[in-house]
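**Q** Submitted below is the structure of interest, expressed as structure tokens.
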Number of protein chains: 2
Amino acid sequence: MSVEFLWGERAAPTRGPKPALSLAAIADAAIAVADAEGLAAVSMQRVAGELGFTKMSLYRYLPGKAELVAVMVERALGEPPELRAGGWREALAEWSELLYEAFLRHPWTIGATVGSRPLGPRELGWMECALARLGRDCGLTGAERLDAVAVLAGHARMLAQQSDEAEMTAAMGEVMRQHGDRFPYLTAAMMETAAEGGQNLAFAFGRDRILDGLESLIVRRIGRV
Amino acid sequence: MSVEFLWGERAAPTRGPKPALSLAAIADAAIAVADAEGLAAVSMQRVAGELGFTKMSLYRYLPGKAELVAVMVERALGEPPELRAGGWREALAEWSELLYEAFLRHPWTIGATVGSRPLGPRELGWMECALARLGRDCGLTGAERLDAVAVLAGHARMLAQQSDEAEMTAAMGEVMRQHGDRFPYLTAAMMETAAEGGQNLAFAFGRDRILDGLESLIVRRIGRV
DNA sequence: TTTCTCTGTGTACGGTAGATACAGTTGTCG
DNA sequence: CGACAACTGTATCTACCGTACACAGAGAAA
């Protein structure tokens, strides 16, 4: 995986035939496949076929599949958002919600952004726009600010992943019916949840707890929010 | 992927040749490969070769590769821990740290536990032993207790993943040197971090913020911890 | 001993990523 | 204009992957 690929703009060649494809068109076709059938369905063959070309033609635009996935992620993530005016807490709340929604729009990005990988400009841009609001005067060190943003991002990622797992929850219900007695506290919590009904506020709950925790530390450090 | 596989004990056959392999031996060989070279290096061929058998022999013990990975995860996770006595906060702090260390021991489990998958008894057991400490009398609803534990688990997973990415950080440093001016706040935070030195407390920082947030909610709900 | 079941093996198939060689197109320069 | 160089997409090839299936041998039950 070449890091430069996500950052460098390659000069458009002047000689030779006009390219029939483009990086953007390839990425969009791949994203459409991933949205519809998951990341596992994205193969060079499949994407090229979707565009009416042979798979090897894609290698004129991309060094390999890893780069394709990286470009897909960058495109699916979108430009970093313009956050509403307000304090750091409101800004980070909005930021994490937007990230959460981006993950929901393209659930495969969750699986595509695990492990070591080169970060593209947009992924860094999202980090930047959160850090811009958690400024240097909030009483947190640089490492703490980075970690605070990472915790929020991790929460958005985890909750988006959970909401993508309807059939997993169904399969788990079957298991719980058979082995529920081995997990009394888990069973109780799930029964309560089912009785309450409202489960869509799971993301907001965790996010607000994290922000509560940050706020209490900041208050301890500088005496105000 | 058959859910029953992780839960059911298959009866040992009485007739025919003695099995030369065992599920445990296969999983251990696969885990050794994954620990050394990553999950991508785990193929039926490779695991069977490691044991001195042909790949097709593995299918006498496992329906397919998905089940192999599921068994690997269950084995690598280990039995749910016995948490020290104490309040919910100390217990959850220890719990998330143990989970974090389990992820560090087998970094590939992070990538193997994304997306919809059948949960095994140990994965549920870990949830159970955390929920047992965040009891019904803490003022949180069932859904809130589940989400609180999920946030802590997600944090452990995310930080374990980050610490596995030394070369990613290195590659990012190169990128920042070239395009750092586009990300001033990110650059500042990273410079500060590098100057401070101590980055191993990143996990504890996030964990303590999450626990702070939970504590402040519980205090609001029932007036005490 | 015969029978039946389970074991591990060999072969085969369709899928994957990717290297390489090649034919056709097209801009630039003599 | 003609020759050349650069670039395109295609066809072919290798090396894997997971796994379906048929089969020979092992070994306990009948």
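Residues in the structure tokens are named by chain (A, B, ... in the order shown) and by number from 1 within that chain; ligands are numbered from 1 in the order shown.
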Excluding segment 6-21 of chain C and residues on its chain fewer than 3 positions from it, collect all residues at most 8 Å away from it, counting only C-alpha atoms (C1' of nucleotides), and give them as a VMD selection string.
**A** (chain A and resid 43 65) or (chain B and resid 13 15 to 19 54 56 to 57) or (chain D and resid 16 to 17 26)
**Q** Would you output that residue set with C-alpha atoms (C1' of nucleotides), as a compact mmCIF listing (two decimals), in the first residue's frame?
**A**
# COMPACT_ATOMS: atom_id res chain seq x y z
CA SER A 43 -13.49 -7.59 -6.02
CA LYS A 65 -6.97 -3.50 -4.10
CA PRO B 13 -18.06 -41.13 17.79
CA ARG B 15 -16.78 -46.37 15.61
CA GLY B 16 -14.19 -45.70 12.97
CA PRO B 17 -10.57 -44.60 13.30
CA LYS B 18 -9.45 -42.44 16.20
CA PRO B 19 -9.30 -38.79 15.22
CA THR B 54 -3.81 -31.81 4.38
CA MET B 56 -9.26 -31.12 3.74
CA SER B 57 -8.77 -33.04 6.94
C1' DC D 16 -3.36 -18.92 -4.15
C1' DC D 17 -7.97 -19.35 -1.64
C1' DA D 26 -8.86 -47.98 9.92
**Q** How would chain A read as a tab-separated table (two decimals) with C-alpha atoms, in the first residue's frame after a least-squares superposition onto chain B over every Cα atom, matched in order?
**A**
chain	number	residue	atom	x	y	z
A	1	MET	CA	-21.75	-19.93	9.95
A	2	SER	CA	-23.63	-22.25	12.24
A	3	VAL	CA	-24.38	-20.69	15.58
A	4	GLU	CA	-24.78	-24.02	17.34
A	5	PHE	CA	-21.20	-24.89	16.62
A	6	LEU	CA	-19.81	-22.63	19.32
A	7	TRP	CA	-22.29	-23.85	21.89
A	8	GLY	CA	-23.04	-27.48	21.24
A	9	GLU	CA	-20.76	-30.26	22.35
A	10	ARG	CA	-20.73	-32.90	19.68
A	11	ALA	CA	-20.79	-36.44	21.03
A	12	ALA	CA	-17.52	-38.28	20.50
A	13	PRO	CA	-18.09	-41.07	17.97
A	14	THR	CA	-17.49	-44.61	19.13
A	15	ARG	CA	-16.80	-46.33	15.82
A	16	GLY	CA	-14.21	-45.64	13.17
A	17	PRO	CA	-10.56	-44.59	13.44
A	18	LYS	CA	-9.42	-42.38	16.28
A	19	PRO	CA	-9.24	-38.75	15.23
A	20	ALA	CA	-5.64	-37.70	14.84
A	21	LEU	CA	-6.50	-34.05	15.37
A	22	SER	CA	-8.73	-32.13	17.72
A	23	LEU	CA	-10.60	-28.87	17.56
A	24	ALA	CA	-8.35	-27.47	20.27
A	25	ALA	CA	-5.15	-28.45	18.46
A	26	ILE	CA	-6.38	-26.94	15.22
A	27	ALA	CA	-7.42	-23.70	16.90
A	28	ASP	CA	-4.12	-23.46	18.74
A	29	ALA	CA	-2.14	-23.92	15.55
A	30	ALA	CA	-4.24	-21.27	13.84
A	31	ILE	CA	-3.79	-18.90	16.78
A	32	ALA	CA	-0.04	-19.40	16.64
A	33	VAL	CA	-0.05	-18.45	12.96
A	34	ALA	CA	-2.27	-15.43	13.59
A	35	ASP	CA	-0.14	-14.25	16.49
A	36	ALA	CA	3.02	-14.51	14.43
A	37	GLU	CA	1.86	-13.31	11.00
A	38	GLY	CA	-1.61	-11.89	11.38
A	39	LEU	CA	-5.07	-13.17	10.60
A	40	ALA	CA	-4.49	-12.88	6.86
A	41	ALA	CA	-1.88	-15.62	7.08
A	42	VAL	CA	-4.44	-18.05	8.50
A	43	SER	CA	-5.69	-20.27	5.72
A	44	MET	CA	-6.94	-23.82	5.82
A	45	GLN	CA	-3.90	-24.86	3.87
A	46	ARG	CA	-1.50	-23.10	6.18
A	47	VAL	CA	-3.04	-24.37	9.41
A	48	ALA	CA	-3.25	-27.94	8.12
A	49	GLY	CA	0.34	-27.75	6.91
A	50	GLU	CA	1.45	-26.50	10.29
A	51	LEU	CA	-0.05	-29.66	11.79
A	52	GLY	CA	1.26	-31.95	9.07
A	53	PHE	CA	-2.08	-32.70	7.44
A	54	THR	CA	-3.93	-31.77	4.29
A	55	LYS	CA	-6.39	-28.92	4.41
A	56	MET	CA	-9.41	-31.09	3.73
A	57	SER	CA	-8.85	-33.05	6.92
A	58	LEU	CA	-9.71	-29.91	8.87
A	59	TYR	CA	-13.22	-30.03	7.47
A	60	ARG	CA	-13.81	-33.16	9.54
A	61	TYR	CA	-13.61	-30.96	12.61
A	62	LEU	CA	-14.93	-27.64	11.34
A	63	PRO	CA	-17.78	-26.72	8.98
A	64	GLY	CA	-15.69	-23.94	7.44
A	65	LYS	CA	-13.26	-21.15	7.96
A	66	ALA	CA	-15.73	-18.81	9.62
A	67	GLU	CA	-16.17	-21.34	12.39
A	68	LEU	CA	-12.41	-21.70	12.73
A	69	VAL	CA	-12.05	-17.98	13.32
A	70	ALA	CA	-14.93	-18.04	15.80
A	71	VAL	CA	-13.29	-20.83	17.77
A	72	MET	CA	-9.97	-18.99	17.63
A	73	VAL	CA	-11.57	-15.89	19.10
A	74	GLU	CA	-13.25	-17.84	21.86
A	75	ARG	CA	-9.99	-19.54	22.80
A	76	ALA	CA	-7.90	-16.38	22.56
A	77	LEU	CA	-10.32	-14.41	24.69
A	78	GLY	CA	-10.05	-16.89	27.51
A	79	GLU	CA	-12.41	-17.52	30.39
A	80	PRO	CA	-14.12	-14.46	31.84
A	81	PRO	CA	-12.03	-13.12	34.71
A	82	GLU	CA	-12.68	-13.20	38.43
A	83	LEU	CA	-12.79	-9.54	39.33
A	84	ARG	CA	-11.46	-8.29	42.64
A	85	ALA	CA	-13.93	-7.31	45.31
A	86	GLY	CA	-14.94	-3.67	45.39
A	87	GLY	CA	-17.42	-1.21	43.98
A	88	TRP	CA	-18.68	-1.12	40.43
A	89	ARG	CA	-16.11	1.47	39.39
A	90	GLU	CA	-13.07	-0.49	40.50
A	91	ALA	CA	-14.54	-3.67	39.04
A	92	LEU	CA	-15.24	-2.13	35.63
A	93	ALA	CA	-11.82	-0.48	35.58
A	94	GLU	CA	-10.17	-3.84	36.13
A	95	TRP	CA	-12.49	-5.56	33.69
A	96	SER	CA	-11.73	-3.20	30.83
A	97	GLU	CA	-8.01	-3.39	31.54
A	98	LEU	CA	-8.10	-7.18	31.39
A	99	LEU	CA	-9.99	-7.00	28.13
A	100	TYR	CA	-7.45	-4.51	26.82
A	101	GLU	CA	-4.62	-6.87	27.72
A	102	ALA	CA	-6.38	-9.79	26.06
A	103	PHE	CA	-6.62	-7.74	22.87
A	104	LEU	CA	-2.95	-6.86	23.15
A	105	ARG	CA	-1.99	-10.50	23.51
A	106	HIS	CA	-3.82	-11.40	20.30
A	107	PRO	CA	-4.16	-8.25	18.18
A	108	TRP	CA	-5.86	-10.13	15.35
A	109	THR	CA	-8.94	-10.66	17.53
A	110	ILE	CA	-9.76	-6.99	16.99
A	111	GLY	CA	-10.18	-7.52	13.27
A	112	ALA	CA	-11.88	-10.86	13.81
A	113	THR	CA	-14.67	-9.43	15.96
A	114	VAL	CA	-16.03	-6.74	13.67
A	115	GLY	CA	-19.31	-7.15	11.93
A	116	SER	CA	-22.14	-9.54	12.47
A	117	ARG	CA	-21.05	-12.83	13.91
A	118	PRO	CA	-22.36	-15.46	16.30
A	119	LEU	CA	-21.31	-14.78	19.88
A	120	GLY	CA	-19.72	-17.63	21.78
A	121	PRO	CA	-20.09	-18.47	25.46
A	122	ARG	CA	-16.90	-16.73	26.47
A	123	GLU	CA	-17.69	-13.50	24.68
A	124	LEU	CA	-21.06	-13.49	26.42
A	125	GLY	CA	-19.37	-14.52	29.66
A	126	TRP	CA	-17.20	-11.43	29.59
A	127	MET	CA	-20.27	-9.27	29.14
A	128	GLU	CA	-21.97	-11.11	31.98
A	129	CYS	CA	-19.17	-10.63	34.46
A	130	ALA	CA	-19.11	-6.89	33.81
A	131	LEU	CA	-22.88	-6.58	34.07
A	132	ALA	CA	-22.84	-8.55	37.32
A	133	ARG	CA	-20.95	-5.69	38.90
A	134	LEU	CA	-23.02	-2.92	37.35
A	135	GLY	CA	-26.01	-4.27	39.19
A	136	ARG	CA	-29.68	-3.45	38.99
A	137	ASP	CA	-29.49	-1.06	41.92
A	138	CYS	CA	-27.15	1.45	40.28
A	139	GLY	CA	-29.99	3.50	38.86
A	140	LEU	CA	-29.37	2.63	35.22
A	141	THR	CA	-31.86	0.95	32.95
A	142	GLY	CA	-31.06	-2.36	31.28
A	143	ALA	CA	-30.24	-0.68	27.99
A	144	GLU	CA	-28.01	1.83	29.73
A	145	ARG	CA	-26.09	-0.87	31.56
A	146	LEU	CA	-25.54	-2.74	28.29
A	147	ASP	CA	-24.39	0.41	26.57
A	148	ALA	CA	-22.07	1.37	29.40
A	149	VAL	CA	-20.30	-1.96	29.17
A	150	ALA	CA	-20.19	-1.70	25.38
A	151	VAL	CA	-18.53	1.71	25.54
A	152	LEU	CA	-15.83	0.36	27.82
A	153	ALA	CA	-15.29	-2.66	25.61
A	154	GLY	CA	-15.11	-0.46	22.54
A	155	HIS	CA	-12.52	1.71	24.21
A	156	ALA	CA	-10.34	-1.29	25.10
A	157	ARG	CA	-10.63	-2.52	21.53
A	158	MET	CA	-9.77	0.83	19.99
A	159	LEU	CA	-6.76	1.48	22.18
A	160	ALA	CA	-5.39	-2.03	21.68
A	161	GLN	CA	-5.73	-1.46	17.96
A	162	GLN	CA	-3.91	1.86	18.17
A	163	SER	CA	-0.98	0.41	20.04
A	164	ASP	CA	-0.65	-2.20	17.30
A	165	GLU	CA	-0.02	0.49	14.73
A	166	ALA	CA	3.56	1.55	15.21
A	167	GLU	CA	4.36	1.64	11.52
A	168	MET	CA	1.13	3.46	10.79
A	169	THR	CA	2.19	6.19	13.17
A	170	ALA	CA	5.56	6.30	11.43
A	171	ALA	CA	3.94	6.63	8.01
A	172	MET	CA	1.67	9.30	9.41
A	173	GLY	CA	4.69	11.24	10.67
A	174	GLU	CA	6.00	11.38	7.12
A	175	VAL	CA	2.65	12.63	5.85
A	176	MET	CA	2.46	15.23	8.60
A	177	ARG	CA	5.88	16.53	7.69
A	178	GLN	CA	4.64	17.23	4.18
A	179	HIS	CA	1.05	18.30	4.76
A	180	GLY	CA	1.14	19.32	8.41
A	181	ASP	CA	0.18	22.88	7.61
A	182	ARG	CA	-3.24	21.69	6.54
A	183	PHE	CA	-3.84	20.28	10.04
A	184	PRO	CA	-2.52	22.81	12.54
A	185	TYR	CA	-4.43	21.57	15.58
A	186	LEU	CA	-3.54	17.97	14.88
A	187	THR	CA	0.08	18.91	14.41
A	188	ALA	CA	0.10	20.86	17.66
A	189	ALA	CA	-1.43	18.00	19.62
A	190	MET	CA	1.05	15.51	18.18
A	191	MET	CA	4.03	17.78	18.82
A	192	GLU	CA	2.90	18.19	22.41
A	193	THR	CA	2.49	14.44	22.76
A	194	ALA	CA	5.96	13.79	21.41
A	195	ALA	CA	7.43	16.41	23.77
A	196	GLU	CA	5.65	14.92	26.78
A	197	GLY	CA	6.79	11.41	26.03
A	198	GLY	CA	4.41	9.33	28.14
A	199	GLN	CA	1.85	7.83	25.81
A	200	ASN	CA	1.21	4.52	27.52
A	201	LEU	CA	-1.45	6.02	29.73
A	202	ALA	CA	-3.77	6.64	26.80
A	203	PHE	CA	-5.93	3.66	27.69
A	204	ALA	CA	-6.27	4.64	31.32
A	205	PHE	CA	-7.14	8.21	30.39
A	206	GLY	CA	-10.09	7.26	28.21
A	207	ARG	CA	-11.25	4.58	30.59
A	208	ASP	CA	-11.26	7.01	33.51
A	209	ARG	CA	-13.19	9.59	31.51
A	210	ILE	CA	-15.85	7.03	30.68
A	211	LEU	CA	-16.06	5.94	34.30
A	212	ASP	CA	-16.21	9.58	35.41
A	213	GLY	CA	-19.13	10.10	33.09
A	214	LEU	CA	-20.93	7.01	34.38
A	215	GLU	CA	-20.32	8.04	37.95
A	216	SER	CA	-21.72	11.50	37.48
A	217	LEU	CA	-24.90	10.04	35.94
A	218	ILE	CA	-25.30	7.48	38.72
A	219	VAL	CA	-24.83	10.18	41.34
A	220	ARG	CA	-27.53	12.23	39.63
A	221	ARG	CA	-29.84	9.22	39.58
A	222	ILE	CA	-29.48	7.74	43.05
A	223	GLY	CA	-27.47	10.37	44.89
A	224	ARG	CA	-24.44	8.15	45.59
A	225	VAL	CA	-21.95	5.88	43.89
**Q** What does the structure give for the distance between atom C1' of DT5 of chain C and atom C1' of DT19 of chain D, in Å to one decimal?
**A**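 Taking atom C1' of DT5 of chain C and atom C1' of DT19 of chain D, their separation equals 22.7 Å.
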**Q** Listing only residues of chain D within 12 Å of chain A, what is the closest atom pair and its distance in Å (to one decimal) for each, using only C-alpha atoms (C1' of nucleotides), sorted by chain and residue number ascending, as a tab-separated table?
**A**
residue	atom	partner	partner_atom	distance
D:DC4	C1'	A:Arg15	CA	11.8
D:DA5	C1'	A:Arg15	CA	8.5
D:DA6	C1'	A:Gly16	CA	5.4
D:DC7	C1'	A:Gly16	CA	4.1
D:DT8	C1'	A:Pro17	CA	5.5
D:DG9	C1'	A:Ser57	CA	5.7
D:DT10	C1'	A:Thr54	CA	7.4
D:DA11	C1'	A:Met56	CA	9.9
D:DT12	C1'	A:Met56	CA	11.5
**Q** Include N, CA and C atoms (P, O5', C5', C4', C3', O3' and C1' of nucleotides) and write out the residues we just selected as a JSON list (two decimals), in the first residue's frame.
**A**
[["chain", "number", "residue", "atom", "x", "y", "z"],
["D", 4, "DC", "P", 10.22, 5.49, -36.76],
["D", 4, "DC", "O5'", 9.98, 6.07, -35.30],
["D", 4, "DC", "C5'", 10.34, 7.42, -35.01],
["D", 4, "DC", "C4'", 9.70, 7.87, -33.71],
["D", 4, "DC", "C3'", 9.68, 6.80, -32.62],
["D", 4, "DC", "O3'", 10.22, 7.37, -31.44],
["D", 4, "DC", "C1'", 7.54, 7.77, -32.86],
["D", 5, "DA", "P", 10.83, 6.40, -30.32],
["D", 5, "DA", "O5'", 10.10, 6.97, -29.03],
["D", 5, "DA", "C5'", 9.80, 8.36, -28.93],
["D", 5, "DA", "C4'", 8.58, 8.57, -28.05],
["D", 5, "DA", "C3'", 8.52, 7.61, -26.86],
["D", 5, "DA", "O3'", 8.25, 8.36, -25.69],
["D", 5, "DA", "C1'", 6.50, 7.49, -28.11],
["D", 6, "DA", "P", 8.30, 7.67, -24.26],
["D", 6, "DA", "O5'", 6.78, 7.82, -23.82],
["D", 6, "DA", "C5'", 6.12, 9.06, -24.05],
["D", 6, "DA", "C4'", 4.62, 8.87, -23.92],
["D", 6, "DA", "C3'", 4.20, 8.04, -22.69],
["D", 6, "DA", "O3'", 3.12, 8.71, -22.07],
["D", 6, "DA", "C1'", 3.23, 7.14, -24.64],
["D", 7, "DC", "P", 2.82, 8.52, -20.52],
["D", 7, "DC", "O5'", 1.42, 7.80, -20.53],
["D", 7, "DC", "C5'", 0.35, 8.39, -21.26],
["D", 7, "DC", "C4'", -0.57, 7.35, -21.81],
["D", 7, "DC", "C3'", -1.07, 6.29, -20.81],
["D", 7, "DC", "O3'", -2.38, 6.64, -20.37],
["D", 7, "DC", "C1'", -0.73, 5.44, -23.03],
["D", 8, "DT", "P", -3.18, 5.70, -19.34],
["D", 8, "DT", "O5'", -4.13, 4.82, -20.27],
["D", 8, "DT", "C5'", -5.13, 5.45, -21.07],
["D", 8, "DT", "C4'", -5.70, 4.44, -22.04],
["D", 8, "DT", "C3'", -6.36, 3.24, -21.39],
["D", 8, "DT", "O3'", -7.73, 3.47, -21.28],
["D", 8, "DT", "C1'", -4.93, 2.59, -23.25],
["D", 9, "DG", "P", -8.61, 2.71, -20.17],
["D", 9, "DG", "O5'", -8.81, 1.26, -20.81],
["D", 9, "DG", "C5'", -9.64, 1.14, -21.96],
["D", 9, "DG", "C4'", -9.40, -0.22, -22.60],
["D", 9, "DG", "C3'", -9.86, -1.41, -21.74],
["D", 9, "DG", "O3'", -10.69, -2.26, -22.52],
["D", 9, "DG", "C1'", -7.62, -1.72, -22.44],
["D", 10, "DT", "P", -11.24, -3.64, -21.94],
["D", 10, "DT", "O5'", -10.21, -4.69, -22.55],
["D", 10, "DT", "C5'", -9.97, -4.71, -23.95],
["D", 10, "DT", "C4'", -9.18, -5.95, -24.34],
["D", 10, "DT", "C3'", -9.67, -7.24, -23.67],
["D", 10, "DT", "O3'", -9.70, -8.27, -24.64],
["D", 10, "DT", "C1'", -7.37, -6.90, -23.21],
["D", 11, "DA", "P", -10.50, -9.65, -24.34],
["D", 11, "DA", "O5'", -9.33, -10.71, -24.59],
["D", 11, "DA", "C5'", -8.11, -10.29, -25.22],
["D", 11, "DA", "C4'", -7.03, -11.35, -25.05],
["D", 11, "DA", "C3'", -7.51, -12.68, -24.44],
["D", 11, "DA", "O3'", -6.85, -13.74, -25.10],
["D", 11, "DA", "C1'", -5.85, -11.69, -23.05],
["D", 12, "DT", "P", -7.06, -15.29, -24.61],
["D", 12, "DT", "O5'", -5.76, -15.56, -23.71],
["D", 12, "DT", "C5'", -4.48, -15.11, -24.18],
["D", 12, "DT", "C4'", -3.40, -15.41, -23.16],
["D", 12, "DT", "C3'", -3.57, -16.73, -22.41],
["D", 12, "DT", "O3'", -2.31, -17.38, -22.35],
["D", 12, "DT", "C1'", -3.25, -14.98, -20.87]]
**Q** Taking only residues of chain C that have an atom at most 7 Å from an atom of chain A, what is each one's shortest atom pair and its distance in Å to one decimal, using only C-alpha atoms (C1' of nucleotides), in chain and number order, as JSON lines?
**A**
{"residue": "C:DT25", "atom": "C1'", "partner": "A:Pro17", "partner_atom": "CA", "distance": 5.3}
{"residue": "C:DT26", "atom": "C1'", "partner": "A:Gly16", "partner_atom": "CA", "distance": 4.7}
{"residue": "C:DG27", "atom": "C1'", "partner": "A:Arg15", "partner_atom": "CA", "distance": 4.5}
**Q** Generate a file of the selected residues that holds C-alpha atoms (C1' of nucleotides), formatted as a compact mmCIF listing (two decimals), in the first residue's frame.
**A**
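Output saved as part.txt:
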# COMPACT_ATOMS: atom_id res chain seq x y z
C1' DT C 25 -5.25 4.60 -30.00
C1' DT C 26 -3.56 9.26 -29.90
C1' DG C 27 -0.77 13.29 -29.03
**Q** Once DSSP has gone over the backbone, tell me which residues of segment 94-124 of chain A are in helix (DSSP H, G or I), as an MDAnalysis selection string.
**A** chainID A and resid 94:105 108:112 121:124
**Q** Can you pull out the residues contacting DG30 of chain C? Cut-off 12 Å, using only C-alpha atoms (C1' of nucleotides), and skip same-chain residues under 2 positions away; I want them as a list in words.
**A**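 Returned residues: DT28 of chain C; DC1, DG2, DA3 and DC4 of chain D.
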**Q** Any chance you could export the current selection's N, CA and C atoms (P, O5', C5', C4', C3', O3' and C1' of nucleotides) as a PDB file, in the first residue's frame?
**A**
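Listing of out37.pdb after writing:
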ATOM      1  P    DT C  28      -0.187  17.336 -27.541  1.00  0.00           P
ATOM      2  O5'  DT C  28       1.247  16.945 -28.093  1.00  0.00           O
ATOM      3  C5'  DT C  28       2.082  16.116 -27.288  1.00  0.00           C
ATOM      4  C4'  DT C  28       3.413  15.862 -27.995  1.00  0.00           C
ATOM      5  C3'  DT C  28       4.055  17.089 -28.631  1.00  0.00           C
ATOM      6  O3'  DT C  28       5.448  17.070 -28.324  1.00  0.00           O
ATOM      7  C1'  DT C  28       3.860  15.378 -30.252  1.00  0.00           C
TER       8       DT C  28
ATOM      9  P    DC D   1      -1.967  15.119 -43.022  1.00  0.00           P
ATOM     10  O5'  DC D   1      -1.425  14.481 -44.350  1.00  0.00           O
ATOM     11  C5'  DC D   1      -0.419  15.244 -45.054  1.00  0.00           C
ATOM     12  C4'  DC D   1       0.901  14.493 -45.084  1.00  0.00           C
ATOM     13  C3'  DC D   1       0.824  13.074 -44.531  1.00  0.00           C
ATOM     14  O3'  DC D   1       1.673  12.237 -45.300  1.00  0.00           O
ATOM     15  C1'  DC D   1       2.354  14.325 -43.220  1.00  0.00           C
ATOM     16  P    DG D   2       1.484  10.565 -45.150  1.00  0.00           P
ATOM     17  O5'  DG D   2       2.707  10.188 -44.197  1.00  0.00           O
ATOM     18  C5'  DG D   2       4.037  10.424 -44.666  1.00  0.00           C
ATOM     19  C4'  DG D   2       5.046  10.154 -43.561  1.00  0.00           C
ATOM     20  C3'  DG D   2       4.904   8.776 -42.889  1.00  0.00           C
ATOM     21  O3'  DG D   2       6.202   8.238 -42.693  1.00  0.00           O
ATOM     22  C1'  DG D   2       4.751  10.490 -41.251  1.00  0.00           C
ATOM     23  P    DA D   3       6.391   6.723 -42.193  1.00  0.00           P
ATOM     24  O5'  DA D   3       7.118   6.944 -40.799  1.00  0.00           O
ATOM     25  C5'  DA D   3       8.221   7.857 -40.745  1.00  0.00           C
ATOM     26  C4'  DA D   3       8.645   8.076 -39.296  1.00  0.00           C
ATOM     27  C3'  DA D   3       8.678   6.790 -38.454  1.00  0.00           C
ATOM     28  O3'  DA D   3       9.876   6.772 -37.688  1.00  0.00           O
ATOM     29  C1'  DA D   3       7.235   8.406 -37.442  1.00  0.00           C
ATOM     30  P    DC D   4      10.218   5.493 -36.763  1.00  0.00           P
ATOM     31  O5'  DC D   4       9.979   6.070 -35.302  1.00  0.00           O
ATOM     32  C5'  DC D   4      10.340   7.419 -35.015  1.00  0.00           C
ATOM     33  C4'  DC D   4       9.698   7.874 -33.714  1.00  0.00           C
ATOM     34  C3'  DC D   4       9.683   6.798 -32.619  1.00  0.00           C
ATOM     35  O3'  DC D   4      10.217   7.371 -31.444  1.00  0.00           O
ATOM     36  C1'  DC D   4       7.544   7.771 -32.858  1.00  0.00           C
TER      37       DC D   4
END
